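Asker: Have a look at this one.
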Amino acid sequence: MQRLKNYLILLCVLLLITSPFALATYENVTIYYNDELLDFPTAGPYYDAQANCIMVPVRTFAEEIGAQVDFDPDSGDISISILDTQISLNANRQEAIVNDTRRITLAAALSIQDGVSFVPLNAFTDALNINYWWDIDTLTAHLSLAKTYALGMDANQIPYNYGTPKRSDRSEQGFDWQVYQDVPSSFSMVGIDNEKVVAYYLYQGSWELPCGLYCGMPVDNANSLMQIQKYSIGIGNYSIVYTSETEYIVAYLDPEGESVCAVLYEDIAYKDQYEIDASVTESFSLQLQDLFNAYRSGLGYEAISEDSGLTALAKKHADDMAQHNYFGHLDTQGLSNEDRFAQAGYGDCYCAEATAQAYRNSFDAFAGLVANTDYQALAAANFQSSGCGTAYHSDSDGLLYFVQIFYAPKE
């Protein structure tokens with residue numbers, strides 16, 4: 001009887017060892033893609049310790065990253081399409097075929113469980129050049145599609161490369177900005193015209209342009225790099241302009257003026273285009289608010305909310321300056337910022353106002369404002385909300401006027 005028990009125990013051990021899932025899988029794997037948590041409402045991904053890989057449900061994962069999936073029940077072929085890339089899978093082969101030309105060896109064979117097809121994550125990451133890192137302690141995978149900054153790119157590539165924009169802004173140069181803010185301390189926009197990418201604006205983050213200019217690059221190194229590549233160089237107070245026959249680059253400096261913290265990178269054809277209307281000034285106001293919050297987040301503080309009443313109050317003062325050709329905190333009625341807050345019914349509160357004039361766009365205005373120590377102090381203060389207003393008048397000395405106001409109630 002004892003020997004029979006030993007045989008049964010040995011048989012159970014052998015079954016555990018030979019089973020592809022026994023002692024070899026970890027459920028509840030979490031996956032982030034471009035900092036967004038992927039949702040798997042039914043069968044979710046798991047970690048296969050024997051194959052040392054993450055297995056993902058093919059259809060759900062593909063659709064979560066914006067791909068389309070087709071299944072041929074006769075051949076068993078699974079076809080995944082995203083923009084100009086097609087991935088072909090089949091349970092009979094341990095490889096993925098990309099665009100009928102490239103073959104990727106999979107970490108494990110495709111598996112079907114309860115009618116759901118699972119495939120190793122490398123079928124996607126290798127085919128689509130997706131970067132990822134895996135934290136086995138928390139069973140969390142972070143995937144990121146390396147962003148590219150190429151002028152002339154087909155606009156259809158942008159959702160795949162950047163995701164979904166939070167809004168669309170109108171540019172003073174005749175194209176539309178797609179606005180992104182995936183990480184609170186960074187801010188980026190992609191300019192689109194005639195279905196092509198014609199410009200980028202990138203603030204903080206980890207960007208690097210094709211020419212080699214990158215965020216955080218010391219000024220001297222940047223100038224040397226661009227000089228070697230035959231760009232003409234123009235040095236301003238808060239930025240450096242690099243120009244070639246095809247590109248116009250404005251590198252904005254950090255508040256200390258020591259390194260590059262932002263860049264406007266655009267097709268040279270748009271350099272001298274300039275037309276302001278109400279949609280453009282509204283876009284400038286929104287961008288100034290975003291940039292302020294990105295700067296504030298970079299300092300370690302939470303973003304503050306935009307308040308429509310404050311925005312209207314800021315816009316009213318900006319309009320007053322533009323229409324009456326003056327610049328200052330006192331308006332034409334002799335009212336101060338505090339007076340205007342009281343008149344608008346904000347009661348007993350803490351308030352502040354920052355103003356700028358004669359800058360070409362919100363990027364230039366923010367670069368000038370953030371170099372001011374008083375503005376830096378506003379970013380570190382405990383204000384509850386803010387609002388931005390921008391006005392333009394072609395006959396005024398300032399042309400463009402920017403106003404940003406801040407509010408917090410007194411306890």
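Ordering of the structure tokens sets the chain letters (A, B, ...), residue numbers begin anew at 1 in every chain, and ligands are numbered from 1 in the order given.
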Write down as a PyMOL selection string the residues of stretch 126-326 of chain A whose backbone DSSP state falls under alpha helix (DSSP H).

Answerer: chain A and resi 126-128+158-162+219-228+278-298+308-324

Asker: Enumerate as a count of residues only all residues of stretch 60-162 of chain A assigned to strand (DSSP E or B) by DSSP on the backbone, naming them with the chain letters and numbers the document uses.

Answerer: 45

Asker: Mind running stretch 47-158 of chain A against stretch 237-258 of chain A at 12 Å and telling me each contacting residue's nearest atom pair with the distance in Å (one decimal), counting only C-alpha atoms, chain and number ascending, as a tab-separated table?

Answerer:
```
residue	atom	partner	partner_atom	distance
A:Ala150	CA	A:Glu247	CA	11.0
A:Leu151	CA	A:Glu247	CA	8.8
A:Gly152	CA	A:Thr246	CA	11.0
```

Asker: List the neighbours of A:Asn52 out to 9 Å using only C-alpha atoms; skip same-chain residues closer than 2 positions along the sequence, and give me the result as a PyMOL selection string.

Answerer: chain A and resi 24+47-50+54+107-108

Asker: Residues of stretch 217-280 of chain A that have any atom at most 10 Å from an atom of stretch 182-189 of chain A: could you tabulate them with the shortest-distance atom pair and the distance in Å to one decimal, using only C-alpha atoms, ordered by chain and increasing number, as a tab-separated table?

Answerer:
```
residue	atom	partner	partner_atom	distance
A:Cys261	CA	A:Ser186	CA	10.0
A:Ala262	CA	A:Phe187	CA	9.2
A:Val263	CA	A:Ser188	CA	9.6
A:Leu264	CA	A:Met189	CA	9.4
```

Asker: When you draw a straight line from atom CA of A:Gln323 to atom CA of A:Ser396, how long is it in Å?

Answerer: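 About the pair atom CA of A:Gln323 and atom CA of A:Ser396: they are 7.2 Å apart.
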
Asker: Which one is closest to A:Ala367: A:Asp77, A:Ile192, A:Leu291, A:Thr101? Count only C-alpha atoms.

Answerer: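 Ranked by minimum distance to A:Ala367, first place goes to A:Leu291.
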
Asker: Between atom CA of A:Asp290 and atom CA of A:Tyr346, what is the spacing in Å?

Answerer: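 Atom CA of A:Asp290 lies 23.5 Å from atom CA of A:Tyr346.
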
Asker: Extract, using only C-alpha atoms, all DNA, RNA and protein residues at most 9 Å from A:Met226, discarding same-chain residues fewer than 4 positions from it, and format them as a list in words.

Answerer: Cys211, Gly212, Leu213, Asn221, Ala222, Lys230, Tyr231, Ser232, Ile233 and Tyr242 of chain A

Asker: Excluding same-chain residues fewer than 2 positions from A:Ser385, what lies within 7 Å of it counting only C-alpha atoms, as number ranges by chain?

Answerer: A: 304-307, 383, 406-408

Asker: Would you put the residues from that selection into a file with all heavy atoms, as an mmCIF file, in the first residue's frame?

Answerer:
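Wrote it out as part_16.cif, contents follow:
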```
data_model
loop_
_atom_site.group_PDB
_atom_site.id
_atom_site.type_symbol
_atom_site.label_atom_id
_atom_site.label_comp_id
_atom_site.auth_asym_id
_atom_site.auth_seq_id
_atom_site.Cartn_x
_atom_site.Cartn_y
_atom_site.Cartn_z
ATOM 1 N N ILE A 304 -2.940 72.822 -11.416
ATOM 2 C CA ILE A 304 -4.108 73.542 -10.919
ATOM 3 C C ILE A 304 -5.134 73.653 -12.045
ATOM 4 O O ILE A 304 -4.774 73.707 -13.228
ATOM 5 C CB ILE A 304 -3.752 74.933 -10.349
ATOM 6 C CG1 ILE A 304 -3.127 75.828 -11.417
ATOM 7 C CG2 ILE A 304 -2.812 74.790 -9.169
ATOM 8 C CD1 ILE A 304 -2.850 77.239 -10.916
ATOM 9 N N SER A 305 -6.388 73.674 -11.686
ATOM 10 C CA SER A 305 -7.459 73.607 -12.678
ATOM 11 C C SER A 305 -7.705 74.955 -13.340
ATOM 12 O O SER A 305 -7.446 76.018 -12.756
ATOM 13 C CB SER A 305 -8.753 73.115 -12.022
ATOM 14 O OG SER A 305 -9.169 74.021 -11.016
ATOM 15 N N GLU A 306 -8.232 74.876 -14.555
ATOM 16 C CA GLU A 306 -8.660 76.081 -15.268
ATOM 17 C C GLU A 306 -10.086 76.403 -14.862
ATOM 18 O O GLU A 306 -10.932 75.518 -14.766
ATOM 19 C CB GLU A 306 -8.557 75.835 -16.775
ATOM 20 C CG GLU A 306 -8.850 77.078 -17.624
ATOM 21 C CD GLU A 306 -10.308 77.156 -18.054
ATOM 22 O OE1 GLU A 306 -11.018 76.130 -17.956
ATOM 23 O OE2 GLU A 306 -10.743 78.245 -18.467
ATOM 24 N N ASP A 307 -10.336 77.673 -14.586
ATOM 25 C CA ASP A 307 -11.657 78.125 -14.168
ATOM 26 C C ASP A 307 -12.197 79.063 -15.247
ATOM 27 O O ASP A 307 -11.538 80.047 -15.613
ATOM 28 C CB ASP A 307 -11.562 78.850 -12.820
ATOM 29 C CG ASP A 307 -12.901 79.374 -12.339
ATOM 30 O OD1 ASP A 307 -13.252 80.508 -12.733
ATOM 31 O OD2 ASP A 307 -13.588 78.668 -11.586
ATOM 32 N N PHE A 383 -2.064 78.115 -5.209
ATOM 33 C CA PHE A 383 -3.291 78.602 -5.825
ATOM 34 C C PHE A 383 -4.195 77.424 -6.178
ATOM 35 O O PHE A 383 -3.727 76.321 -6.467
ATOM 36 C CB PHE A 383 -2.988 79.440 -7.060
ATOM 37 C CG PHE A 383 -2.416 80.792 -6.743
ATOM 38 C CD1 PHE A 383 -1.073 81.070 -6.964
ATOM 39 C CD2 PHE A 383 -3.224 81.780 -6.204
ATOM 40 C CE1 PHE A 383 -0.549 82.314 -6.659
ATOM 41 C CE2 PHE A 383 -2.711 83.021 -5.897
ATOM 42 C CZ PHE A 383 -1.368 83.294 -6.120
ATOM 43 N N PHE A 406 -4.483 84.030 -11.121
ATOM 44 C CA PHE A 406 -4.471 82.914 -10.177
ATOM 45 C C PHE A 406 -5.353 83.243 -8.983
ATOM 46 O O PHE A 406 -5.420 84.395 -8.547
ATOM 47 C CB PHE A 406 -3.037 82.642 -9.712
ATOM 48 C CG PHE A 406 -2.081 82.402 -10.834
ATOM 49 C CD1 PHE A 406 -1.404 83.458 -11.458
ATOM 50 C CD2 PHE A 406 -1.836 81.113 -11.294
ATOM 51 C CE1 PHE A 406 -0.532 83.240 -12.489
ATOM 52 C CE2 PHE A 406 -0.952 80.887 -12.339
ATOM 53 C CZ PHE A 406 -0.299 81.958 -12.941
ATOM 54 N N TYR A 407 -5.979 82.199 -8.435
ATOM 55 C CA TYR A 407 -6.961 82.421 -7.365
ATOM 56 C C TYR A 407 -6.890 81.312 -6.320
ATOM 57 O O TYR A 407 -6.686 80.136 -6.635
ATOM 58 C CB TYR A 407 -8.368 82.447 -7.979
ATOM 59 C CG TYR A 407 -9.487 82.252 -6.986
ATOM 60 C CD1 TYR A 407 -9.969 83.318 -6.221
ATOM 61 C CD2 TYR A 407 -10.065 80.975 -6.808
ATOM 62 C CE1 TYR A 407 -11.005 83.120 -5.312
ATOM 63 C CE2 TYR A 407 -11.096 80.797 -5.903
ATOM 64 C CZ TYR A 407 -11.567 81.872 -5.156
ATOM 65 O OH TYR A 407 -12.576 81.680 -4.256
ATOM 66 N N ALA A 408 -7.071 81.709 -5.080
ATOM 67 C CA ALA A 408 -7.270 80.755 -3.966
ATOM 68 C C ALA A 408 -8.125 81.467 -2.916
ATOM 69 O O ALA A 408 -7.860 82.630 -2.587
ATOM 70 C CB ALA A 408 -5.941 80.305 -3.364
#
```

Asker: Find the spatial neighbours of A:Cys349, counting only C-alpha atoms, within a cut-off of 10 Å - ignore same-chain residues fewer than 4 positions away - and output them as a short mmCIF file (atom, residue, chain, number, x, y, z; two decimals) with N, CA, C and O atoms, in the first residue's frame.

Answerer:
```cif
data_model
loop_
_atom_site.label_atom_id
_atom_site.label_comp_id
_atom_site.auth_asym_id
_atom_site.auth_seq_id
_atom_site.Cartn_x
_atom_site.Cartn_y
_atom_site.Cartn_z
N GLU A 338 -6.71 93.09 -8.04
CA GLU A 338 -7.55 92.83 -6.86
C GLU A 338 -8.94 93.45 -7.02
O GLU A 338 -9.95 92.84 -6.66
N PHE A 341 -11.04 91.31 -9.37
CA PHE A 341 -11.50 90.10 -8.69
C PHE A 341 -12.72 90.41 -7.81
O PHE A 341 -13.72 89.68 -7.84
N ALA A 342 -12.61 91.48 -7.06
CA ALA A 342 -13.73 91.85 -6.17
C ALA A 342 -14.97 92.21 -6.97
O ALA A 342 -16.09 91.81 -6.63
N TYR A 407 -5.98 82.20 -8.44
CA TYR A 407 -6.96 82.42 -7.36
C TYR A 407 -6.89 81.31 -6.32
O TYR A 407 -6.69 80.14 -6.64
N ALA A 408 -7.07 81.71 -5.08
CA ALA A 408 -7.27 80.76 -3.97
C ALA A 408 -8.12 81.47 -2.92
O ALA A 408 -7.86 82.63 -2.59
N PRO A 409 -9.15 80.80 -2.39
CA PRO A 409 -9.98 81.45 -1.36
C PRO A 409 -9.22 81.54 -0.04
O PRO A 409 -8.39 80.69 0.28
N LYS A 410 -9.51 82.57 0.73
CA LYS A 410 -8.93 82.67 2.05
C LYS A 410 -9.78 81.83 3.01
O LYS A 410 -11.00 81.91 3.02
N GLU A 411 -9.09 81.01 3.77
CA GLU A 411 -9.79 80.11 4.70
C GLU A 411 -10.43 80.92 5.83
O GLU A 411 -9.85 81.83 6.34
#
```

Asker: Counting only C-alpha atoms, which residue out of A:Val197, A:Glu266, A:Tyr149, A:Gly387 sits closest to A:Pro210?

Answerer: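 Result for the nearest residue to A:Pro210: A:Tyr149.
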
Asker: Which neighbours of stretch 271-287 of chain A fall inside 6 Å, counting only C-alpha atoms, when residues of the same chain fewer than 3 positions from it are skipped, and could you give them as a CSV table (one decimal) with N, CA and C atoms, in the first residue's frame?

Answerer:
```
chain,number,residue,atom,x,y,z
A,169,ASP,N,-5.8,72.3,-31.6
A,169,ASP,CA,-5.7,73.8,-31.6
A,169,ASP,C,-5.4,74.3,-32.9
A,170,ARG,N,-5.8,75.6,-33.2
A,170,ARG,CA,-5.4,76.2,-34.4
A,170,ARG,C,-4.1,77.0,-34.3
A,171,SER,N,-3.2,76.8,-35.2
A,171,SER,CA,-2.0,77.5,-35.2
A,171,SER,C,-2.1,78.9,-36.0
A,172,GLU,N,-1.2,79.8,-35.5
A,172,GLU,CA,-1.1,81.1,-36.2
A,172,GLU,C,-0.5,80.9,-37.6
A,173,GLN,N,0.1,79.8,-37.9
A,173,GLN,CA,0.8,79.5,-39.1
A,173,GLN,C,0.0,78.7,-40.1
A,268,ILE,N,10.3,74.7,-42.9
A,268,ILE,CA,10.7,76.1,-43.2
A,268,ILE,C,9.6,76.8,-44.0
A,290,ASP,N,-1.5,75.0,-20.1
A,290,ASP,CA,-0.9,73.7,-20.2
A,290,ASP,C,0.6,73.8,-19.8
A,362,SER,N,2.3,81.5,-28.0
A,362,SER,CA,2.3,81.1,-26.5
A,362,SER,C,3.6,80.5,-26.1
A,388,CYS,N,-6.4,81.9,-18.3
A,388,CYS,CA,-5.5,82.6,-19.2
A,388,CYS,C,-6.4,83.3,-20.3
A,389,GLY,N,-6.0,84.4,-20.7
A,389,GLY,CA,-6.6,85.2,-21.8
A,389,GLY,C,-5.6,85.8,-22.7
A,390,THR,N,-5.9,85.8,-24.0
A,390,THR,CA,-5.0,86.3,-25.0
A,390,THR,C,-5.8,87.2,-26.0
```

Asker: Here is a test: counting only C-alpha atoms, which residue of A:Ala141, A:Ala380, A:Leu202, A:Ile87 is nearest to A:Ile104?

Answerer: A:Ile87

Asker: Rank nothing, just name the residue among A:Tyr32, A:Arg59, A:Gly44, A:Phe118 nearest to A:Trp133, using only C-alpha atoms.

Answerer: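 The shortest atom-to-atom distance to A:Trp133 comes from A:Tyr32.
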
Asker: Considering only C-alpha atoms, state which residue in the set A:Ala269, A:Asn122, A:Tyr401, A:Thr60 is at the smallest distance from A:Leu143.

Answerer: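 Closest residue, counting only C-alpha atoms: A:Asn122.
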
Asker: Find, counting only C-alpha atoms, the residue in A:Val179, A:Val116, A:Ala314, A:Met55 that gets nearest to A:Arg167.

Answerer: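 The answer is A:Val179, which sits nearest to A:Arg167.
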